[in-house]
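> Sending over coords_29.txt (compact mmCIF, N, CA and C atoms).
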# COMPACT_ATOMS: atom_id res chain seq x y z
N MET U 153 125.53 63.55 184.76
CA MET U 153 124.50 63.24 183.79
C MET U 153 124.79 63.92 182.46
N LYS U 154 125.20 65.18 182.49
CA LYS U 154 125.51 65.90 181.26
C LYS U 154 126.67 65.24 180.53
N ASN U 155 127.66 64.81 181.25
CA ASN U 155 128.85 64.21 180.66
C ASN U 155 128.49 62.92 179.93
N THR U 156 127.64 62.10 180.52
CA THR U 156 127.23 60.84 179.90
C THR U 156 126.40 61.11 178.65
N SER U 157 125.49 62.06 178.70
CA SER U 157 124.67 62.41 177.53
C SER U 157 125.55 62.93 176.40
N PHE U 158 126.53 63.74 176.73
CA PHE U 158 127.43 64.28 175.73
C PHE U 158 128.23 63.15 175.06
N ARG U 159 128.70 62.19 175.84
CA ARG U 159 129.45 61.06 175.30
C ARG U 159 128.59 60.23 174.35
N PHE U 160 127.35 59.98 174.74
CA PHE U 160 126.45 59.22 173.87
C PHE U 160 126.17 59.98 172.56
N LEU U 161 126.02 61.28 172.67
CA LEU U 161 125.78 62.10 171.48
C LEU U 161 126.99 62.04 170.54
N VAL U 162 128.18 62.19 171.08
CA VAL U 162 129.39 62.12 170.28
C VAL U 162 129.53 60.73 169.65
N LEU U 163 129.29 59.69 170.43
CA LEU U 163 129.37 58.32 169.92
C LEU U 163 128.35 58.10 168.82
N PHE U 164 127.14 58.59 168.99
CA PHE U 164 126.09 58.45 167.98
C PHE U 164 126.49 59.15 166.69
N ILE U 165 127.01 60.37 166.79
CA ILE U 165 127.43 61.12 165.61
C ILE U 165 128.56 60.40 164.88
N LEU U 166 129.53 59.87 165.64
CA LEU U 166 130.63 59.12 165.03
C LEU U 166 130.12 57.88 164.30
N LEU U 167 129.20 57.15 164.91
CA LEU U 167 128.65 55.96 164.27
C LEU U 167 127.88 56.30 163.00
N VAL U 168 127.14 57.39 163.01
CA VAL U 168 126.41 57.83 161.82
C VAL U 168 127.39 58.21 160.71
N LEU U 169 128.45 58.94 161.05
CA LEU U 169 129.45 59.32 160.05
C LEU U 169 130.16 58.10 159.48
N ILE U 170 130.49 57.15 160.33
CA ILE U 170 131.12 55.91 159.85
C ILE U 170 130.16 55.14 158.94
N GLY U 171 128.90 55.10 159.30
CA GLY U 171 127.89 54.43 158.47
C GLY U 171 127.76 55.08 157.10
N PHE U 172 127.69 56.41 157.07
CA PHE U 172 127.60 57.11 155.79
C PHE U 172 128.87 56.91 154.98
N GLY U 173 130.02 56.94 155.63
CA GLY U 173 131.28 56.71 154.93
C GLY U 173 131.35 55.32 154.32
N GLY U 174 130.91 54.32 155.08
CA GLY U 174 130.90 52.95 154.57
C GLY U 174 129.95 52.79 153.40
N PHE U 175 128.77 53.40 153.50
CA PHE U 175 127.81 53.34 152.41
C PHE U 175 128.37 54.00 151.16
N TYR U 176 128.97 55.17 151.32
CA TYR U 176 129.57 55.88 150.18
C TYR U 176 130.66 55.04 149.54
N PHE U 177 131.53 54.45 150.35
CA PHE U 177 132.60 53.60 149.82
C PHE U 177 132.03 52.41 149.07
N TYR U 178 131.01 51.78 149.64
CA TYR U 178 130.39 50.62 148.99
C TYR U 178 129.77 51.00 147.65
N GLN U 179 129.10 52.12 147.60
CA GLN U 179 128.45 52.55 146.36
C GLN U 179 129.46 52.92 145.28
N ASN U 180 130.61 53.45 145.66
CA ASN U 180 131.59 53.93 144.68
C ASN U 180 132.69 52.93 144.37
N SER U 181 132.74 51.84 145.08
CA SER U 181 133.78 50.85 144.79
C SER U 181 133.19 49.78 143.88
N GLU U 182 134.04 49.11 143.19
CA GLU U 182 133.63 48.01 142.33
C GLU U 182 133.94 46.74 143.10
N SER U 183 133.12 46.47 144.10
CA SER U 183 133.45 45.42 145.07
C SER U 183 133.10 44.02 144.60
N GLN U 184 132.63 43.85 143.38
CA GLN U 184 132.22 42.53 142.92
C GLN U 184 133.22 41.92 141.95
N GLY U 185 134.49 42.21 142.11
CA GLY U 185 135.50 41.60 141.27
C GLY U 185 135.73 42.30 139.94
N PHE U 186 135.22 43.49 139.76
CA PHE U 186 135.36 44.23 138.51
C PHE U 186 136.09 45.56 138.77
N SER U 187 137.00 45.57 139.74
CA SER U 187 137.60 46.83 140.16
C SER U 187 138.62 47.37 139.17
N GLU U 188 139.26 46.50 138.41
CA GLU U 188 140.30 46.96 137.50
C GLU U 188 139.71 47.35 136.14
N PRO U 189 140.23 48.44 135.57
CA PRO U 189 139.81 48.77 134.20
C PRO U 189 140.45 47.79 133.21
N LEU U 190 139.77 47.52 132.13
CA LEU U 190 140.32 46.64 131.09
C LEU U 190 141.54 47.32 130.47
N PRO U 191 142.70 46.64 130.48
CA PRO U 191 143.88 47.20 129.81
C PRO U 191 143.72 47.02 128.29
N VAL U 192 143.10 47.98 127.65
CA VAL U 192 142.63 47.86 126.27
C VAL U 192 143.75 47.50 125.30
N TYR U 193 144.85 48.24 125.34
CA TYR U 193 145.92 47.97 124.37
C TYR U 193 146.52 46.58 124.57
N SER U 194 146.76 46.20 125.80
CA SER U 194 147.31 44.86 126.07
C SER U 194 146.31 43.78 125.65
N PHE U 195 145.03 44.03 125.93
CA PHE U 195 144.00 43.07 125.54
C PHE U 195 143.95 42.91 124.03
N MET U 196 144.06 44.00 123.30
CA MET U 196 143.99 43.93 121.84
C MET U 196 145.18 43.17 121.25
N GLU U 197 146.33 43.25 121.90
CA GLU U 197 147.51 42.54 121.41
C GLU U 197 147.44 41.05 121.70
N ARG U 198 146.98 40.67 122.89
CA ARG U 198 146.95 39.27 123.30
C ARG U 198 145.72 38.97 124.15
N PRO U 199 144.57 38.87 123.52
CA PRO U 199 143.32 38.69 124.28
C PRO U 199 143.26 37.38 125.06
N LEU U 200 143.90 36.33 124.57
CA LEU U 200 143.81 35.03 125.24
C LEU U 200 144.53 35.01 126.58
N GLN U 201 145.43 35.94 126.82
CA GLN U 201 146.12 36.02 128.11
C GLN U 201 145.19 36.52 129.21
N PHE U 202 144.06 37.05 128.85
CA PHE U 202 143.16 37.65 129.83
C PHE U 202 141.94 36.78 130.14
N VAL U 203 141.87 35.59 129.55
CA VAL U 203 140.72 34.70 129.74
C VAL U 203 140.54 34.39 131.23
N GLY U 204 139.30 34.53 131.69
CA GLY U 204 138.96 34.26 133.08
C GLY U 204 139.02 35.48 133.99
N ASN U 205 139.50 36.60 133.50
CA ASN U 205 139.61 37.82 134.31
C ASN U 205 138.36 38.68 134.18
N HIS U 206 138.14 39.52 135.19
CA HIS U 206 137.00 40.43 135.22
C HIS U 206 137.51 41.87 135.27
N TYR U 207 136.83 42.74 134.52
CA TYR U 207 137.23 44.14 134.43
C TYR U 207 135.99 45.02 134.31
N HIS U 208 136.22 46.34 134.41
CA HIS U 208 135.19 47.27 133.98
C HIS U 208 135.74 48.04 132.79
N LEU U 209 134.83 48.52 131.96
CA LEU U 209 135.20 49.22 130.74
C LEU U 209 134.25 50.40 130.55
N ASP U 210 134.80 51.59 130.47
CA ASP U 210 134.02 52.78 130.15
C ASP U 210 134.08 52.97 128.65
N ALA U 211 132.92 52.98 128.00
CA ALA U 211 132.90 53.04 126.54
C ALA U 211 131.57 53.59 126.06
N SER U 212 131.56 54.00 124.79
CA SER U 212 130.32 54.46 124.16
C SER U 212 129.99 53.52 122.99
N ILE U 213 128.71 53.37 122.74
CA ILE U 213 128.23 52.47 121.69
C ILE U 213 128.50 53.09 120.32
N GLN U 214 129.15 52.32 119.45
CA GLN U 214 129.38 52.76 118.07
C GLN U 214 128.36 52.15 117.12
N ASN U 215 128.07 50.85 117.33
CA ASN U 215 127.19 50.17 116.39
C ASN U 215 126.70 48.86 117.01
N ILE U 216 125.53 48.41 116.60
CA ILE U 216 125.04 47.09 116.98
C ILE U 216 125.33 46.19 115.78
N LEU U 217 126.26 45.25 115.97
CA LEU U 217 126.72 44.42 114.86
C LEU U 217 125.78 43.26 114.56
N SER U 218 125.20 42.67 115.61
CA SER U 218 124.34 41.51 115.43
C SER U 218 123.38 41.43 116.61
N SER U 219 122.20 40.88 116.36
CA SER U 219 121.22 40.74 117.43
C SER U 219 120.33 39.54 117.15
N GLN U 220 120.16 38.70 118.17
CA GLN U 220 119.22 37.58 118.11
C GLN U 220 118.42 37.60 119.40
N ASP U 221 117.09 37.50 119.26
CA ASP U 221 116.19 37.68 120.39
C ASP U 221 116.54 36.85 121.62
N LYS U 222 116.73 35.59 121.48
CA LYS U 222 116.93 34.72 122.64
C LYS U 222 118.40 34.53 123.02
N LEU U 223 119.30 35.04 122.18
CA LEU U 223 120.73 34.86 122.44
C LEU U 223 121.38 36.12 122.99
N GLY U 224 121.24 37.22 122.29
CA GLY U 224 121.82 38.47 122.75
C GLY U 224 122.29 39.32 121.58
N ARG U 225 123.14 40.29 121.91
CA ARG U 225 123.62 41.23 120.90
C ARG U 225 125.15 41.31 120.94
N ILE U 226 125.73 41.61 119.80
CA ILE U 226 127.13 41.95 119.73
C ILE U 226 127.19 43.42 119.33
N VAL U 227 127.81 44.22 120.18
CA VAL U 227 127.89 45.66 119.92
C VAL U 227 129.35 46.06 119.80
N LEU U 228 129.59 47.07 118.99
CA LEU U 228 130.92 47.64 118.84
C LEU U 228 130.96 48.90 119.70
N VAL U 229 131.95 48.98 120.58
CA VAL U 229 132.07 50.14 121.46
C VAL U 229 133.40 50.83 121.23
N SER U 230 133.46 52.08 121.60
CA SER U 230 134.68 52.87 121.56
C SER U 230 135.10 53.10 123.01
N SER U 231 136.26 52.53 123.38
CA SER U 231 136.71 52.64 124.77
C SER U 231 137.13 54.07 125.09
N GLU U 232 136.97 54.42 126.35
CA GLU U 232 137.36 55.76 126.80
C GLU U 232 138.48 55.61 127.81
N PRO U 233 139.52 56.37 127.76
CA PRO U 233 139.78 57.49 126.85
C PRO U 233 140.54 57.08 125.59
N GLU U 234 140.87 55.80 125.42
CA GLU U 234 141.72 55.37 124.32
C GLU U 234 141.09 55.59 122.95
N GLY U 235 139.79 55.36 122.84
CA GLY U 235 139.11 55.49 121.56
C GLY U 235 139.20 54.25 120.69
N SER U 236 139.72 53.16 121.25
CA SER U 236 139.84 51.91 120.50
C SER U 236 138.49 51.22 120.38
N SER U 237 138.26 50.58 119.26
CA SER U 237 137.00 49.86 119.03
C SER U 237 137.12 48.42 119.52
N LEU U 238 136.11 47.97 120.26
CA LEU U 238 136.07 46.61 120.79
C LEU U 238 134.66 46.05 120.63
N PRO U 239 134.54 44.77 120.26
CA PRO U 239 133.21 44.14 120.25
C PRO U 239 132.90 43.56 121.64
N LEU U 240 131.66 43.72 122.07
CA LEU U 240 131.19 43.17 123.34
C LEU U 240 129.96 42.30 123.09
N PHE U 241 129.83 41.23 123.87
CA PHE U 241 128.63 40.40 123.80
C PHE U 241 127.73 40.75 124.96
N LEU U 242 126.49 41.16 124.66
CA LEU U 242 125.48 41.46 125.67
C LEU U 242 124.43 40.36 125.62
N PRO U 243 124.32 39.52 126.66
CA PRO U 243 123.34 38.44 126.64
C PRO U 243 121.91 38.98 126.62
N ALA U 244 120.99 38.16 126.12
CA ALA U 244 119.59 38.58 125.97
C ALA U 244 118.94 38.91 127.31
N ASP U 245 119.35 38.25 128.39
CA ASP U 245 118.72 38.49 129.70
C ASP U 245 119.29 39.71 130.43
N LEU U 246 120.22 40.43 129.81
CA LEU U 246 120.79 41.63 130.41
C LEU U 246 119.77 42.76 130.30
N PRO U 247 119.37 43.34 131.43
CA PRO U 247 118.38 44.42 131.36
C PRO U 247 118.99 45.69 130.78
N GLY U 248 118.17 46.49 130.17
CA GLY U 248 118.62 47.76 129.63
C GLY U 248 118.66 47.76 128.12
N ASN U 249 118.65 48.94 127.58
CA ASN U 249 118.65 49.13 126.14
C ASN U 249 119.87 49.97 125.78
N VAL U 250 120.55 49.63 124.72
CA VAL U 250 121.71 50.41 124.28
C VAL U 250 121.41 51.03 122.94
N GLU U 251 121.85 52.28 122.79
CA GLU U 251 121.66 53.00 121.54
C GLU U 251 122.96 53.70 121.16
N PHE U 252 123.05 54.06 119.91
CA PHE U 252 124.23 54.71 119.35
C PHE U 252 124.68 55.89 120.19
N GLN U 253 125.97 55.94 120.48
CA GLN U 253 126.67 57.00 121.20
C GLN U 253 126.33 57.12 122.68
N GLN U 254 125.57 56.20 123.24
CA GLN U 254 125.35 56.21 124.68
C GLN U 254 126.63 55.75 125.37
N ARG U 255 126.93 56.35 126.52
CA ARG U 255 128.13 56.00 127.28
C ARG U 255 127.73 55.12 128.46
N PHE U 256 128.50 54.04 128.66
CA PHE U 256 128.22 53.09 129.73
C PHE U 256 129.50 52.69 130.45
N ARG U 257 129.33 52.19 131.65
CA ARG U 257 130.37 51.43 132.33
C ARG U 257 129.92 49.99 132.27
N PHE U 258 130.68 49.18 131.57
CA PHE U 258 130.39 47.76 131.41
C PHE U 258 131.22 46.96 132.40
N LYS U 259 130.61 45.99 133.03
CA LYS U 259 131.35 45.02 133.83
C LYS U 259 131.47 43.78 132.96
N VAL U 260 132.70 43.46 132.58
CA VAL U 260 132.93 42.40 131.60
C VAL U 260 133.86 41.33 132.16
N SER U 261 133.72 40.14 131.59
CA SER U 261 134.69 39.08 131.83
C SER U 261 135.22 38.65 130.46
N VAL U 262 136.45 38.16 130.46
CA VAL U 262 137.06 37.68 129.23
C VAL U 262 136.84 36.17 129.19
N GLU U 263 136.08 35.72 128.21
CA GLU U 263 135.73 34.31 128.08
C GLU U 263 136.63 33.64 127.05
N ASP U 264 136.40 32.33 126.85
CA ASP U 264 137.19 31.56 125.89
C ASP U 264 137.22 32.25 124.53
N GLY U 265 138.37 32.26 123.92
CA GLY U 265 138.53 32.89 122.62
C GLY U 265 138.71 34.40 122.69
N GLY U 266 138.74 34.97 123.90
CA GLY U 266 138.91 36.41 124.04
C GLY U 266 137.61 37.20 123.96
N LEU U 267 136.47 36.51 124.06
CA LEU U 267 135.16 37.17 124.01
C LEU U 267 134.97 38.03 125.25
N LEU U 268 134.58 39.29 125.05
CA LEU U 268 134.25 40.19 126.15
C LEU U 268 132.76 40.04 126.45
N TYR U 269 132.44 39.39 127.57
CA TYR U 269 131.07 39.08 127.96
C TYR U 269 130.62 40.09 129.01
N VAL U 270 129.52 40.79 128.73
CA VAL U 270 129.03 41.84 129.63
C VAL U 270 128.12 41.22 130.69
N HIS U 271 128.44 41.46 131.97
CA HIS U 271 127.61 40.97 133.09
C HIS U 271 126.62 42.03 133.54
N SER U 272 127.02 43.29 133.46
CA SER U 272 126.11 44.38 133.80
C SER U 272 126.61 45.65 133.14
N LEU U 273 125.71 46.62 133.05
CA LEU U 273 126.09 47.91 132.48
C LEU U 273 125.31 48.99 133.20
N SER U 274 125.93 50.16 133.27
CA SER U 274 125.27 51.34 133.85
C SER U 274 125.68 52.55 133.05
N LYS U 275 124.75 53.49 132.89
CA LYS U 275 125.04 54.69 132.11
C LYS U 275 126.04 55.56 132.84
N ASN U 276 126.95 56.12 132.06
CA ASN U 276 127.92 57.08 132.59
C ASN U 276 127.41 58.48 132.43
Kindly return the structure encoded in the file as structure tokens.

Amino acid sequence: MKNTSFRFLVLFILLVLIGFGGFYFYQNSESQGFSEPLPVYSFMERPLQFVGNHYHLDASIQNILSSQDKLGRIVLVSSEPEGSSLPLFLPADLPGNVEFQQRFRFKVSVEDGGLLYVHSLSKN
């Protein structure tokens, strides 16, 4: 009886550890197709080669260049760690507010014409 109880206890502990490990991995991975960082220098040289791809970008807000209520905003960001300036399009339905010098992780796709379209953002 003791041996069976001990086995169940060990099995339960292993399952809990595996569950926590899986949850941690899921929370820290970019599992929605945005796992690669944007290759900033390559993108700046030839943006049209990246059309249709998804990336993440760590950057801070430099300026809000344009804003229209029902359309969205165009913001200028400084990529980290490169420090290069890039314009991003944030659609109007994107939740959250951006302000000067705030740092974010942006999930972006490269659209026609090399437009960096933001799908989501989270503060860094």
> DSSP on the backbone: what in chain U comes out alpha helix (DSSP H), as a PDB file with N, CA and C atoms, in the frame of the given file?

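Wrote states_10.pdb, looks like this:
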ATOM      1  N   LYS U 154     125.200  65.180 182.490  1.00  0.00           N
ATOM      2  CA  LYS U 154     125.510  65.900 181.260  1.00  0.00           C
ATOM      3  C   LYS U 154     126.670  65.240 180.530  1.00  0.00           C
ATOM      4  N   ASN U 155     127.660  64.810 181.250  1.00  0.00           N
ATOM      5  CA  ASN U 155     128.850  64.210 180.660  1.00  0.00           C
ATOM      6  C   ASN U 155     128.490  62.920 179.930  1.00  0.00           C
ATOM      7  N   THR U 156     127.640  62.100 180.520  1.00  0.00           N
ATOM      8  CA  THR U 156     127.230  60.840 179.900  1.00  0.00           C
ATOM      9  C   THR U 156     126.400  61.110 178.650  1.00  0.00           C
ATOM     10  N   SER U 157     125.490  62.060 178.700  1.00  0.00           N
ATOM     11  CA  SER U 157     124.670  62.410 177.530  1.00  0.00           C
ATOM     12  C   SER U 157     125.550  62.930 176.400  1.00  0.00           C
ATOM     13  N   PHE U 158     126.530  63.740 176.730  1.00  0.00           N
ATOM     14  CA  PHE U 158     127.430  64.280 175.730  1.00  0.00           C
ATOM     15  C   PHE U 158     128.230  63.150 175.060  1.00  0.00           C
ATOM     16  N   ARG U 159     128.700  62.190 175.840  1.00  0.00           N
ATOM     17  CA  ARG U 159     129.450  61.060 175.300  1.00  0.00           C
ATOM     18  C   ARG U 159     128.590  60.230 174.350  1.00  0.00           C
ATOM     19  N   PHE U 160     127.350  59.980 174.740  1.00  0.00           N
ATOM     20  CA  PHE U 160     126.450  59.220 173.870  1.00  0.00           C
ATOM     21  C   PHE U 160     126.170  59.980 172.560  1.00  0.00           C
ATOM     22  N   LEU U 161     126.020  61.280 172.670  1.00  0.00           N
ATOM     23  CA  LEU U 161     125.780  62.100 171.480  1.00  0.00           C
ATOM     24  C   LEU U 161     126.990  62.040 170.540  1.00  0.00           C
ATOM     25  N   VAL U 162     128.180  62.190 171.080  1.00  0.00           N
ATOM     26  CA  VAL U 162     129.390  62.120 170.280  1.00  0.00           C
ATOM     27  C   VAL U 162     129.530  60.730 169.650  1.00  0.00           C
ATOM     28  N   LEU U 163     129.290  59.690 170.430  1.00  0.00           N
ATOM     29  CA  LEU U 163     129.370  58.320 169.920  1.00  0.00           C
ATOM     30  C   LEU U 163     128.350  58.100 168.820  1.00  0.00           C
ATOM     31  N   PHE U 164     127.140  58.590 168.990  1.00  0.00           N
ATOM     32  CA  PHE U 164     126.090  58.450 167.980  1.00  0.00           C
ATOM     33  C   PHE U 164     126.490  59.150 166.690  1.00  0.00           C
ATOM     34  N   ILE U 165     127.010  60.370 166.790  1.00  0.00           N
ATOM     35  CA  ILE U 165     127.430  61.120 165.610  1.00  0.00           C
ATOM     36  C   ILE U 165     128.560  60.400 164.880  1.00  0.00           C
ATOM     37  N   LEU U 166     129.530  59.870 165.640  1.00  0.00           N
ATOM     38  CA  LEU U 166     130.630  59.120 165.030  1.00  0.00           C
ATOM     39  C   LEU U 166     130.120  57.880 164.300  1.00  0.00           C
ATOM     40  N   LEU U 167     129.200  57.150 164.910  1.00  0.00           N
ATOM     41  CA  LEU U 167     128.650  55.960 164.270  1.00  0.00           C
ATOM     42  C   LEU U 167     127.880  56.300 163.000  1.00  0.00           C
ATOM     43  N   VAL U 168     127.140  57.390 163.010  1.00  0.00           N
ATOM     44  CA  VAL U 168     126.410  57.830 161.820  1.00  0.00           C
ATOM     45  C   VAL U 168     127.390  58.210 160.710  1.00  0.00           C
ATOM     46  N   LEU U 169     128.450  58.940 161.050  1.00  0.00           N
ATOM     47  CA  LEU U 169     129.450  59.320 160.050  1.00  0.00           C
ATOM     48  C   LEU U 169     130.160  58.100 159.480  1.00  0.00           C
ATOM     49  N   ILE U 170     130.490  57.150 160.330  1.00  0.00           N
ATOM     50  CA  ILE U 170     131.120  55.910 159.850  1.00  0.00           C
ATOM     51  C   ILE U 170     130.160  55.140 158.940  1.00  0.00           C
ATOM     52  N   GLY U 171     128.900  55.100 159.300  1.00  0.00           N
ATOM     53  CA  GLY U 171     127.890  54.430 158.470  1.00  0.00           C
ATOM     54  C   GLY U 171     127.760  55.080 157.100  1.00  0.00           C
ATOM     55  N   PHE U 172     127.690  56.410 157.070  1.00  0.00           N
ATOM     56  CA  PHE U 172     127.600  57.110 155.790  1.00  0.00           C
ATOM     57  C   PHE U 172     128.870  56.910 154.980  1.00  0.00           C
ATOM     58  N   GLY U 173     130.020  56.940 155.630  1.00  0.00           N
ATOM     59  CA  GLY U 173     131.280  56.710 154.930  1.00  0.00           C
ATOM     60  C   GLY U 173     131.350  55.320 154.320  1.00  0.00           C
ATOM     61  N   GLY U 174     130.910  54.320 155.080  1.00  0.00           N
ATOM     62  CA  GLY U 174     130.900  52.950 154.570  1.00  0.00           C
ATOM     63  C   GLY U 174     129.950  52.790 153.400  1.00  0.00           C
ATOM     64  N   PHE U 175     128.770  53.400 153.500  1.00  0.00           N
ATOM     65  CA  PHE U 175     127.810  53.340 152.410  1.00  0.00           C
ATOM     66  C   PHE U 175     128.370  54.000 151.160  1.00  0.00           C
ATOM     67  N   TYR U 176     128.970  55.170 151.320  1.00  0.00           N
ATOM     68  CA  TYR U 176     129.570  55.880 150.180  1.00  0.00           C
ATOM     69  C   TYR U 176     130.660  55.040 149.540  1.00  0.00           C
ATOM     70  N   PHE U 177     131.530  54.450 150.350  1.00  0.00           N
ATOM     71  CA  PHE U 177     132.600  53.600 149.820  1.00  0.00           C
ATOM     72  C   PHE U 177     132.030  52.410 149.070  1.00  0.00           C
ATOM     73  N   TYR U 178     131.010  51.780 149.640  1.00  0.00           N
ATOM     74  CA  TYR U 178     130.390  50.620 148.990  1.00  0.00           C
ATOM     75  C   TYR U 178     129.770  51.000 147.650  1.00  0.00           C
ATOM     76  N   GLN U 179     129.100  52.120 147.600  1.00  0.00           N
ATOM     77  CA  GLN U 179     128.450  52.550 146.360  1.00  0.00           C
ATOM     78  C   GLN U 179     129.460  52.920 145.280  1.00  0.00           C
ATOM     79  N   ASN U 180     130.610  53.450 145.660  1.00  0.00           N
ATOM     80  CA  ASN U 180     131.590  53.930 144.680  1.00  0.00           C
ATOM     81  C   ASN U 180     132.690  52.930 144.370  1.00  0.00           C
ATOM     82  N   VAL U 192     143.100  47.980 127.650  1.00  0.00           N
ATOM     83  CA  VAL U 192     142.630  47.860 126.270  1.00  0.00           C
ATOM     84  C   VAL U 192     143.750  47.500 125.300  1.00  0.00           C
ATOM     85  N   TYR U 193     144.850  48.240 125.340  1.00  0.00           N
ATOM     86  CA  TYR U 193     145.920  47.970 124.370  1.00  0.00           C
ATOM     87  C   TYR U 193     146.520  46.580 124.570  1.00  0.00           C
ATOM     88  N   SER U 194     146.760  46.200 125.800  1.00  0.00           N
ATOM     89  CA  SER U 194     147.310  44.860 126.070  1.00  0.00           C
ATOM     90  C   SER U 194     146.310  43.780 125.650  1.00  0.00           C
ATOM     91  N   PHE U 195     145.030  44.030 125.930  1.00  0.00           N
ATOM     92  CA  PHE U 195     144.000  43.070 125.540  1.00  0.00           C
ATOM     93  C   PHE U 195     143.950  42.910 124.030  1.00  0.00           C
ATOM     94  N   MET U 196     144.060  44.000 123.300  1.00  0.00           N
ATOM     95  CA  MET U 196     143.990  43.930 121.840  1.00  0.00           C
ATOM     96  C   MET U 196     145.180  43.170 121.250  1.00  0.00           C
ATOM     97  N   GLU U 197     146.330  43.250 121.900  1.00  0.00           N
ATOM     98  CA  GLU U 197     147.510  42.540 121.410  1.00  0.00           C
ATOM     99  C   GLU U 197     147.440  41.050 121.700  1.00  0.00           C
TER     100      GLU U 197
END
> If we count all atoms listed in the file, what is near Val270 of chain U at a cut-off of 6.5 Å, once residues fewer than 4 positions away on the same chain are taken out, given as a PyMOL selection string?
chain U and resi 240-243+258-261
> To one decimal in Å, tell me the separation between atom CA of Gln220 of chain U and atom CA of Gln201 of chain U.
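Computing it gives 28.7 Å between the two atoms.
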> Calculated over all atoms listed in the file, which of the candidates U:Glu232, U:Leu161, U:Gly171, U:Pro239 has the smallest distance to Leu268 of chain U?
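Checking each of U:Glu232, U:Leu161, U:Gly171, U:Pro239 against Leu268 of chain U, counting all atoms listed in the file, the winner is U:Pro239.
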> Check the smallest atom-to-atom distance from each of U:Asn215, U:Asn205, U:Ser274, U:Ser194 to Ser237 of chain U using only C-alpha atoms, then report the winner.
U:Asn215
> If I take atom C of Leu217 of chain U and atom N of Leu200 of chain U, how far is one from the other in Å, to one decimal?
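Distance reported for this atom pair: 21.8 Å.
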> Select, from U:Thr156, U:Ser219, U:Ser236, U:Gln254, the residue with the minimum atom-to-atom distance to Lys275 of chain U, counting all atoms listed in the file.
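Among U:Thr156, U:Ser219, U:Ser236, U:Gln254, it is U:Gln254 that comes nearest to Lys275 of chain U.
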> Applying 8 Å and all atoms listed in the file, which residues near segment 250-253 of chain U remain after dropping the ones on its own chain fewer than 3 positions away? List them as a list in words.
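Those residues are Ala211, Ser212, Ile213, Gln214, Asn215, Ile216, Pro247 and Phe256 of chain U.
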> Could you give me the residues within chain U that DSSP places in strand (DSSP E), as a PyMOL selection string?
chain U and resi 206-220+224-231+237-243+255-262+268-275
> One decimal, in Å: what's the spacing between atom CA of Val229 of chain U and atom CA of Phe195 of chain U?
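Between atom CA of Val229 of chain U and atom CA of Phe195 of chain U the gap works out to 14.5 Å.
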> Quick one: axis-aligned box around all listed atoms of segment 186-201 of chain U, 4 Å on every side, centre and edge lengths in Å to one decimal, written as lines of an AutoDock Vina configuration file.

center_x = 141.4
center_y = 41.9
center_z = 130.7
size_x = 20.3
size_y = 21.8
size_z = 26.9
> Please determine, counting only C-alpha atoms, which residue among U:Pro199, U:Gly235, U:Gly224, U:Gly248 has the shortest atom-to-atom distance to Ser272 of chain U.
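When distances to Ser272 of chain U are compared using only C-alpha atoms, the smallest one comes from U:Gly248.
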